[in-house]
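I have placed the structure first, in the form of structure tokens, so that the comments after it can refer back to it.
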Amino acid sequence: MMKCTAILALAGSAAAFAPAQTGARSTSLNAFSVDTIPGALAPVGLFDPLGFAEKADEATLKRYREAEVTHGRVAMLAVIGFLVGEAVEGSSFLFDASISGPAISHPGQVPGGWDALIIAGIGFAELQRAKTGWVDPADVKFDQAGALNSDYYPGDIGFDPLGLKPEDSEELDVMITKELQNGRLAML
């Protein structure tokens, strides 16, 4: 059973390193459908074994993609945090280098008060993301809770301090696909 799980995990993560699709398709900023959504790579294409995407309308598909991008970004940050935490153990200028041991035990060693600061930072980031992407709950019908703004592209919160976002829509599709694949790998 363990070998089967390891093989499936490796096979799924190998898709992150597959070459990007080439060919004509709609840009990521125009249409948002199962056929045009960035992130599908050969040989698998759009990996949706349970058929959620095929049953979803455009708004639902955007919410699915928003969740995937957000969870992928958190997972990528967590992977970097674990790797850096292990590498700088005992030599960091933070907290007088008193945090030691495996990275999984580091959050429990952080001095009191820092938890509140971290939670406040996460709350601020989530509030900004909600203001950017979601329709105000007061302006939404009861049965349409969690509606995204019509002009919002999932994951595009306008934060690009280094100016890495390409202007060309085809290049943007490639970059979005790379981010999704790296996020998927980190979530594994």
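Following the order of the structure tokens, first chain is A, next is B, and so on, with residues numbered from 1 inside each chain and ligands from 1 in the order they appear.
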
Name the residues in contact with Pro137 of chain A at a cut-off of 10 Å, using only C-alpha atoms, excluding same-chain residues fewer than 5 positions from it; report them as number ranges by chain. A: 142, 144-147

Write the selection just made, keeping N, CA and C atoms, as a compact mmCIF listing (two decimals), in the first residue's frame?
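Contents of selection05.txt, freshly written:
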# COMPACT_ATOMS: atom_id res chain seq x y z
N PHE A 142 -29.08 35.95 -1.66
CA PHE A 142 -28.88 34.94 -0.62
C PHE A 142 -28.28 33.65 -1.16
N GLN A 144 -26.28 33.25 -3.70
CA GLN A 144 -25.04 33.44 -4.44
C GLN A 144 -23.89 33.85 -3.52
N ALA A 145 -23.86 33.29 -2.34
CA ALA A 145 -22.81 33.64 -1.39
C ALA A 145 -21.43 33.31 -1.95
N GLY A 146 -20.46 34.15 -1.68
CA GLY A 146 -19.09 33.90 -2.14
C GLY A 146 -18.87 34.26 -3.59
N ALA A 147 -19.68 35.15 -4.14
CA ALA A 147 -19.53 35.53 -5.55
C ALA A 147 -18.29 36.38 -5.75

Using only C-alpha atoms, which residues sit within 12 Å of Thr60 of chain A once same-chain residues fewer than 3 positions away are excluded, as a list in words?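 Residues near the query, excluding close chain neighbours: Phe32, Ser33, Val34, Phe52, Ala53, Glu54, Lys55, Ala56, Asp57, Arg63, Tyr64, Arg65, Glu66, Ala67, Gln144, Ala145, Gly146, Ala147, Leu148 and Pro154 of chain A.
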
Select from segment 1-184 of chain A everything DSSP, run on the backbone, classes as strand (DSSP E or B), then give the selection as number ranges by chain. A: 41, 45, 134, 148

Find the distance between atom CA of Gly133 of chain A and atom CA of Asp151 of chain A and write it in Å to one decimal.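 Taking atom CA of Gly133 of chain A and atom CA of Asp151 of chain A, their separation equals 8.6 Å.
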
Write down as number ranges by chain the residues belonging to segment 118-149 of chain A that are assigned alpha helix (DSSP H) by DSSP computed on the backbone. A: 118-133

Those residues with C-alpha atoms, as a short mmCIF file (atom, residue, chain, number, x, y, z; two decimals), in the first residue's frame please?
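What ended up in out_0.cif:
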data_model
loop_
_atom_site.label_atom_id
_atom_site.label_comp_id
_atom_site.auth_asym_id
_atom_site.auth_seq_id
_atom_site.Cartn_x
_atom_site.Cartn_y
_atom_site.Cartn_z
CA ILE A 118 1.14 36.57 12.77
CA ILE A 119 -2.64 36.14 12.98
CA ALA A 120 -3.16 39.89 12.49
CA GLY A 121 -0.91 39.81 9.40
CA ILE A 122 -2.79 36.87 7.92
CA GLY A 123 -6.12 38.55 8.69
CA PHE A 124 -5.00 41.77 6.98
CA ALA A 125 -3.85 39.86 3.89
CA GLU A 126 -7.13 37.92 3.72
CA LEU A 127 -9.17 41.11 4.14
CA GLN A 128 -7.33 42.77 1.24
CA ARG A 129 -7.84 39.66 -0.91
CA ALA A 130 -11.56 39.63 -0.06
CA LYS A 131 -11.93 43.32 -0.90
CA THR A 132 -10.18 42.80 -4.23
CA GLY A 133 -11.83 39.62 -5.41
#

All residues 10 Å or closer to Leu180 of chain A, only C-alpha atoms, same chain fewer than 2 positions away omitted, as a ChimeraX atom specification: /A:16,38-40,65,68-73,174-178,182-186

Looking at only C-alpha atoms, which of A:Ala97, A:Asp136, A:Gly155, A:Asp168 is the one that sits closest to Pro111 of chain A?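 Among the listed residues, A:Ala97 lies closest to Pro111 of chain A.
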
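You can rank A:Leu50, A:Met76, A:Val135, A:Leu83 by their closest distance to Ala103 of chain A using only C-alpha atoms, and at the top of that list sits A:Leu83.
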
The distance between atom CA of Pro43 of chain A and atom CA of Gln181 of chain A is 13.8 Å

Can you measure atom CA of Lys62 of chain A to atom CA of Glu179 of chain A for me? One decimal in Å is fine.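 Computing it gives 16.1 Å between the two atoms.
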